[in-house]
Amino acid sequence: MGIIRAKEVGYSYKRLNDQGEVESVRQALNNITLDVAAGDFIAILGHNGSGKSTLAKHFNAILAPNEGTLWVDGKDSRQPENVWDIRRTAGMVFQNPDNQIISGVVEEDVGFGPENMGVPTEEIWRRVEESLRAVGMYKFRRHSPNKLSGGQKQRVAIAGVVAMRPKCIVLDEPTAMLDPTGRKEVLKTVGVLNKKEGMTIILITHYMEEVVSADKVFVMDQGEVVMEGTPREIFSQVERLKSYRLDVPQVTLLAYELRKQGIPLPEGVLTNEELVEALCRVRAAGEKQFTENGESV
Amino acid sequence: MENQYKMSLKLEQINYIYGTHTAYEMQALTDISLEIHKGEFIGVIGHTGSGKSTLMQLLNGLEKPSSGRVLFEGKDIWAEDFDRKMLRSKVGLVFQYPEHQLFETDVLSDVCFGPRNLGCSLEEARERAKKALAMTGIDEKYFADSPFDLSGGQKRRVAIAGVLAMQPDYLILDEPTAGLDPKGRDEILEQIAKLHRENGIAVLLVSHSMEDVANYVDRIIALNQGRLMYDDVPKAVFAHYRELAEAGLAAPNVTHILHSLRERGFDVDTEAVTVEDARDTILKAMEKSV
Ligand SMILES: Nc1ncnc2c1ncn2[C@@H]1O[C@H](COP(=O)(O)OP(=O)(O)O)[C@@H](O)[C@H]1O
Ligand SMILES: Nc1ncnc2c1ncn2[C@@H]1O[C@H](COP(=O)(O)OP(=O)(O)O)[C@@H](O)[C@H]1O
Ligand SMILES: [Mg+2]
Ligand SMILES: [Mg+2]
């Protein structure tokens, strides 16, 4: 059984009036069933308002389902006694780095989480060092966070979560406010945590390029998971993704456009290297055919 | 020619320092000179902290340069007799995450706020607001709704309408697509492009998406650590893809693909910066090679 498992999960936000009566109900999640294998790199795509953040908040028990059941590392998130364990299993990183950094010095900020958990001081410092090294920010440990770039701040926020030794990190649009270099830094960092430390990564993003190396992609639409598969399976379906207000990476789109013009390329090209190699093969095949035709005349 | 020269927004040797004479002194902009003409569509790119937002606030007189001059249609905006309130209506600035500044109880009132503030009558303000909402693609059926009940993309368009209702000649948008889903991003950019096309408004688009910039603008201003790094047409700027990467930026991915293809002996034009242009140059190269 996976590290996160949802069975027929539904969630509605209820707005109460002054008398404490339910005034309106908004169904944000509907019948979500999914299974995340430990150690996987998972991506979640979906239009604004499709329920991604609501689902993410279920993964670390900020919210608990109104319907169905969600288990994190085998623990039912509706049981109050499990909430603490679940929060330690699944750490969260949010969009705005400035809202997540509290201390005036990087290393203090990273130590804040473990300190709150009651980790002994010596152990805290060991973890701070480890975490900062894991995100490549160790040499900035004595810096003030507000002097850092957006990508660096976000890596500090990630280190703060890593220091709590979670099995799983949920990142809710961590790159939305970053410049291209910052986005790359964050992506590389979570990639390393996944590959080297074996952490389960759940990445929510609107940048299609960021999910091409994921093990699995979930696509959400209006509170439901409507597609699930490898990046190649998902990005082969250009028109369907567009119907969900999504897109494909630019290289995938270029390959798709070339295919439409009759160039025999495979479906769901995901990387620049793949496209370049595929075009080289097409060219080689074309040359071969040309010489063969030439000889037969 | 004389007239066209006058229809511009010009920065002359601008320096801008935050917290002058304090321990936090920070030079955000250094020696910036540039000129923006009516009707241009310009992309502004630069790493976080490169000075983009500061520059935009200088352009509409929200911040005063530490040295150098800002000229609106030839007049120094910091001269004593200059009407800066007029300037702020002529040079509309849409902040980052502008939807956080929506506050009225209904959409139409929110958009009326700007023109009312400029001294328009209620009737005139409503006329302008309706027009501005139409320009950003907000349907009449939402006018009476609370702005807080709209989707993220709709909220942002209402906020943009609030600036458009002041009928600016120059529209500055600070990362207008941040956090939007791909469709929402395209919708907003299409609306902006349409405004530019049909109403001749000059647009300055601050963006971290090189692909979006490449798809829409005619000119790119690139900042690096508070200095002007490039000011040129997109294909010329993106030809510096290595230097851009060092400055926290990138070229659109298609540009990288074309360079790789060229290295492999394809006769492609590496200057293409959009998917359509890349497709066409690849098709041409493939025809030639077989
Ligand atoms: N605190 C809240 N109260 C009421 N409705 C909410 C709240 N948060 C989100 N929603 C609604 O739930 C739906 C899903 O929102 P969300 O999970 O934030 O989507 P996403 O992260 O995919 O943009 C939307 O319709 C949104 O308006
Ligand atoms: N209100 C402020 N006080 C002090 N420094 C500031 C302020 N606003 C911005 N800065 C600094 O000025 C530089 C340029 O910032 P900004 O114009 O916001 O850049 P960008 O929009 O490109 O991210 C940064 O180093 C930033 O930290
Ligand atoms: Mg969200
Ligand atoms: Mg900015």
# chains A, B, ... in the order shown; residues from 1 in each chain; ligands from 1
$ closest_atom_pairs --of "chain A" --to "ligand 4" --cutoff "12 Å" --atoms "only C-alpha atoms and all ligand atoms" --output "tab-separated table"
residue	atom	partner	partner_atom_place_in_ligand_line	distance
A:Ser149	CA	ligand 4	1 (Mg)	11.8
A:Gly150	CA	ligand 4	1 (Mg)	10.7
A:Met177	CA	ligand 4	1 (Mg)	9.5
A:Leu178	CA	ligand 4	1 (Mg)	10.1
A:Asp179	CA	ligand 4	1 (Mg)	10.2
$ residues_around --residues "Ile188 of chain B" --least-positions-apart "4" --cutoff "9 Å" --atoms "only C-alpha atoms" --output "PyMOL selection string"
chain B and resi 136-137+153+156-157+176-177+183-184+192-193
$ residues_near_ligand --ligand "ligand 3" --cutoff "12 Å" --atoms "only C-alpha atoms and all ligand atoms" --output "NGL selection string"
(:A and (28 or 44-57 or 93-96 or 171-174 or 176 or 203-206 or 220 or 223)) or (:B and (151-152 or 179-181))
$ residues_around --residues "segment 8-11 of chain A" --least-positions-apart "5" --cutoff "6 Å" --atoms "only C-alpha atoms" --output "PyMOL selection string"
chain A and resi 28-33+65-69
$ write_last_selection --atoms "N, CA and C atoms" --output "PDB file, in the first residue's frame"
ATOM      1  N   ALA A  28     -15.375  20.899  -3.396  1.00  0.00           N
ATOM      2  CA  ALA A  28     -14.055  21.138  -3.989  1.00  0.00           C
ATOM      3  C   ALA A  28     -13.384  19.844  -4.439  1.00  0.00           C
ATOM      4  N   LEU A  29     -13.704  18.737  -3.774  1.00  0.00           N
ATOM      5  CA  LEU A  29     -13.170  17.433  -4.192  1.00  0.00           C
ATOM      6  C   LEU A  29     -14.332  16.465  -4.307  1.00  0.00           C
ATOM      7  N   ASN A  30     -14.239  15.619  -5.322  1.00  0.00           N
ATOM      8  CA  ASN A  30     -15.337  14.712  -5.573  1.00  0.00           C
ATOM      9  C   ASN A  30     -14.812  13.336  -5.967  1.00  0.00           C
ATOM     10  N   ASN A  31     -15.055  12.370  -5.112  1.00  0.00           N
ATOM     11  CA  ASN A  31     -14.771  10.982  -5.463  1.00  0.00           C
ATOM     12  C   ASN A  31     -13.336  10.739  -5.937  1.00  0.00           C
ATOM     13  N   ILE A  32     -12.384  11.179  -5.126  1.00  0.00           N
ATOM     14  CA  ILE A  32     -10.975  11.026  -5.495  1.00  0.00           C
ATOM     15  C   ILE A  32     -10.441   9.707  -4.958  1.00  0.00           C
ATOM     16  N   THR A  33      -9.953   8.886  -5.873  1.00  0.00           N
ATOM     17  CA  THR A  33      -9.315   7.648  -5.468  1.00  0.00           C
ATOM     18  C   THR A  33      -7.929   7.647  -6.083  1.00  0.00           C
ATOM     19  N   PRO A  65     -11.171  14.559   4.932  1.00  0.00           N
ATOM     20  CA  PRO A  65     -12.299  14.368   4.017  1.00  0.00           C
ATOM     21  C   PRO A  65     -13.668  14.416   4.712  1.00  0.00           C
ATOM     22  N   ASN A  66     -14.680  14.948   4.004  1.00  0.00           N
ATOM     23  CA  ASN A  66     -16.071  14.822   4.468  1.00  0.00           C
ATOM     24  C   ASN A  66     -16.642  13.481   4.040  1.00  0.00           C
ATOM     25  N   GLU A  67     -16.111  12.989   2.924  1.00  0.00           N
ATOM     26  CA  GLU A  67     -16.563  11.680   2.432  1.00  0.00           C
ATOM     27  C   GLU A  67     -15.336  10.854   2.114  1.00  0.00           C
ATOM     28  N   GLY A  68     -15.463   9.548   2.210  1.00  0.00           N
ATOM     29  CA  GLY A  68     -14.357   8.665   1.869  1.00  0.00           C
ATOM     30  C   GLY A  68     -13.250   8.727   2.916  1.00  0.00           C
ATOM     31  N   THR A  69     -12.118   8.110   2.565  1.00  0.00           N
ATOM     32  CA  THR A  69     -11.036   8.001   3.534  1.00  0.00           C
ATOM     33  C   THR A  69      -9.711   8.300   2.863  1.00  0.00           C
TER      34      THR A  69
END
$ closest_residue --among "A:Lys147, A:His58, A:Lys167, A:Lys196" --to "ligand 2" --atoms "only C-alpha atoms and all ligand atoms"
A:Lys147
$ closest_residue --among "A:Lys216, A:Lys153, A:Arg133, A:Arg142" --to "chain B" --atoms "only C-alpha atoms"
A:Lys153
$ residues_near_ligand --ligand "ligand 2" --cutoff "10 Å" --atoms "only C-alpha atoms and all ligand atoms" --output "number ranges by chain"
A: 146-150, 177-179; B: 16-20, 24-29, 44-58, 96, 174-175, 206-208, 223-226
$ write_last_selection --atoms "N, CA and C atoms" --output "CSV table (one decimal), in the first residue's frame"
chain,number,residue,atom,x,y,z
A,146,ASN,N,16.2,37.6,3.5
A,146,ASN,CA,15.7,38.6,2.6
A,146,ASN,C,16.7,39.1,1.6
A,147,LYS,N,17.9,38.7,1.8
A,147,LYS,CA,18.9,39.1,0.8
A,147,LYS,C,19.1,38.0,-0.3
A,148,LEU,N,18.3,36.9,-0.2
A,148,LEU,CA,18.5,35.8,-1.2
A,148,LEU,C,17.5,36.1,-2.3
A,149,SER,N,17.8,35.4,-3.5
A,149,SER,CA,16.9,35.4,-4.6
A,149,SER,C,15.7,34.5,-4.3
A,150,GLY,N,14.7,34.7,-5.2
A,150,GLY,CA,13.5,33.9,-4.9
A,150,GLY,C,13.7,32.4,-4.9
A,177,MET,N,6.2,32.0,-8.5
A,177,MET,CA,6.7,33.4,-8.4
A,177,MET,C,8.2,33.5,-8.7
A,178,LEU,N,8.8,32.5,-9.3
A,178,LEU,CA,10.2,32.6,-9.5
A,178,LEU,C,10.6,32.9,-11.0
A,179,ASP,N,11.8,33.4,-11.1
A,179,ASP,CA,12.4,33.6,-12.5
A,179,ASP,C,12.9,32.2,-13.0
B,16,TYR,N,18.3,54.8,-9.0
B,16,TYR,CA,17.3,54.7,-7.9
B,16,TYR,C,17.9,53.9,-6.7
B,17,ILE,N,17.8,54.6,-5.6
B,17,ILE,CA,18.4,53.9,-4.3
B,17,ILE,C,17.3,53.9,-3.3
B,18,TYR,N,17.1,52.7,-2.7
B,18,TYR,CA,16.2,52.5,-1.6
B,18,TYR,C,16.9,52.8,-0.3
B,19,GLY,N,16.3,53.5,0.6
B,19,GLY,CA,16.9,53.7,1.9
B,19,GLY,C,18.2,54.5,1.9
B,20,THR,N,18.2,55.5,1.1
B,20,THR,CA,19.4,56.4,1.1
B,20,THR,C,19.9,56.8,2.5
B,24,TYR,N,20.5,50.2,5.3
B,24,TYR,CA,19.9,49.3,4.3
B,24,TYR,C,20.0,49.8,2.9
B,25,GLU,N,20.8,50.8,2.7
B,25,GLU,CA,20.9,51.5,1.4
B,25,GLU,C,21.1,50.4,0.3
B,26,MET,N,20.3,50.6,-0.8
B,26,MET,CA,20.3,49.5,-1.8
B,26,MET,C,20.0,50.2,-3.2
B,27,GLN,N,21.0,50.1,-4.0
B,27,GLN,CA,20.9,50.7,-5.3
B,27,GLN,C,20.1,49.7,-6.2
B,28,ALA,N,18.9,50.1,-6.5
B,28,ALA,CA,18.0,49.1,-7.3
B,28,ALA,C,18.2,49.3,-8.8
B,29,LEU,N,18.5,50.6,-9.2
B,29,LEU,CA,18.6,50.8,-10.6
B,29,LEU,C,19.8,51.7,-10.8
B,44,VAL,N,9.3,43.1,-20.5
B,44,VAL,CA,10.4,43.5,-19.5
B,44,VAL,C,10.8,42.2,-18.8
B,45,ILE,N,12.0,41.8,-18.9
B,45,ILE,CA,12.5,40.6,-18.3
B,45,ILE,C,13.7,40.9,-17.4
B,46,GLY,N,13.9,40.0,-16.4
B,46,GLY,CA,15.0,40.2,-15.5
B,46,GLY,C,14.8,39.3,-14.3
B,47,HIS,N,15.9,38.8,-13.7
B,47,HIS,CA,15.8,38.0,-12.5
B,47,HIS,C,15.1,38.6,-11.4
B,48,THR,N,14.6,37.9,-10.4
B,48,THR,CA,14.0,38.5,-9.2
B,48,THR,C,15.0,39.5,-8.6
B,49,GLY,N,14.5,40.7,-8.3
B,49,GLY,CA,15.4,41.7,-7.7
B,49,GLY,C,16.2,42.5,-8.7
B,50,SER,N,16.0,42.3,-10.0
B,50,SER,CA,16.8,43.0,-11.0
B,50,SER,C,16.3,44.4,-11.1
B,51,GLY,N,15.1,44.8,-10.5
B,51,GLY,CA,14.7,46.1,-10.6
B,51,GLY,C,13.5,46.4,-11.5
B,52,LYS,N,12.8,45.3,-11.9
B,52,LYS,CA,11.7,45.5,-12.8
B,52,LYS,C,10.6,46.3,-12.2
B,53,SER,N,10.2,45.9,-11.0
B,53,SER,CA,9.0,46.6,-10.4
B,53,SER,C,9.4,48.0,-10.0
B,54,THR,N,10.6,48.3,-9.6
B,54,THR,CA,11.0,49.6,-9.3
B,54,THR,C,11.0,50.5,-10.6
B,55,LEU,N,11.4,49.9,-11.6
B,55,LEU,CA,11.4,50.7,-12.9
B,55,LEU,C,10.0,51.0,-13.3
B,56,MET,N,9.1,50.1,-13.2
B,56,MET,CA,7.7,50.3,-13.5
B,56,MET,C,7.1,51.4,-12.7
B,57,GLN,N,7.4,51.5,-11.4
B,57,GLN,CA,6.9,52.5,-10.5
B,57,GLN,C,7.5,53.9,-10.8
B,58,LEU,N,8.7,53.9,-11.4
B,58,LEU,CA,9.3,55.2,-11.8
B,58,LEU,C,8.5,55.7,-13.0
B,96,GLN,N,1.5,43.4,-9.3
B,96,GLN,CA,1.5,42.0,-9.2
B,96,GLN,C,0.3,41.5,-8.3
B,174,ASP,N,2.6,44.2,-14.2
B,174,ASP,CA,3.7,43.5,-13.5
B,174,ASP,C,3.3,42.0,-13.3
B,175,GLU,N,3.9,41.2,-14.1
B,175,GLU,CA,3.7,39.7,-14.0
B,175,GLU,C,2.2,39.4,-13.9
B,206,VAL,N,5.7,42.9,-17.8
B,206,VAL,CA,6.8,42.3,-17.0
B,206,VAL,C,6.5,40.8,-16.9
B,207,SER,N,7.4,39.9,-17.2
B,207,SER,CA,7.1,38.5,-17.2
B,207,SER,C,8.3,37.6,-16.9
B,208,HIS,N,8.1,36.5,-16.3
B,208,HIS,CA,9.1,35.5,-16.1
B,208,HIS,C,9.0,34.4,-17.1
B,223,LEU,N,16.7,43.4,-17.8
B,223,LEU,CA,17.5,44.0,-16.7
B,223,LEU,C,18.3,43.0,-16.1
B,224,ASN,N,19.5,43.4,-15.6
B,224,ASN,CA,20.4,42.5,-14.8
B,224,ASN,C,21.0,43.3,-13.7
B,225,GLN,N,20.7,43.0,-12.5
B,225,GLN,CA,21.2,43.7,-11.3
B,225,GLN,C,21.1,45.2,-11.4
B,226,GLY,N,19.9,45.6,-11.8
B,226,GLY,CA,19.6,47.0,-11.8
B,226,GLY,C,20.1,47.8,-13.0
$ residues_around --residues "Val276 of chain A" --least-positions-apart "4" --cutoff "10 Å" --atoms "only C-alpha atoms" --output "count of residues only"
13
$ select_by_dssp --residues "segment 120-251 of chain A" --states "strand (DSSP E or B)" --output "list in words"
Cys168, Ile169, Val170, Leu171, Asp172, Thr200, Ile201, Ile202, Leu203, Ile204, Lys216, Val217, Phe218, Val219, Met220, Asp221, Glu224, Val225, Val226, Met227, Glu228 and Gly229 of chain A
$ closest_residue --among "B:Leu102, B:Glu140, B:Phe148, B:Gly92" --to "ligand 1" --atoms "only C-alpha atoms and all ligand atoms"
B:Phe148
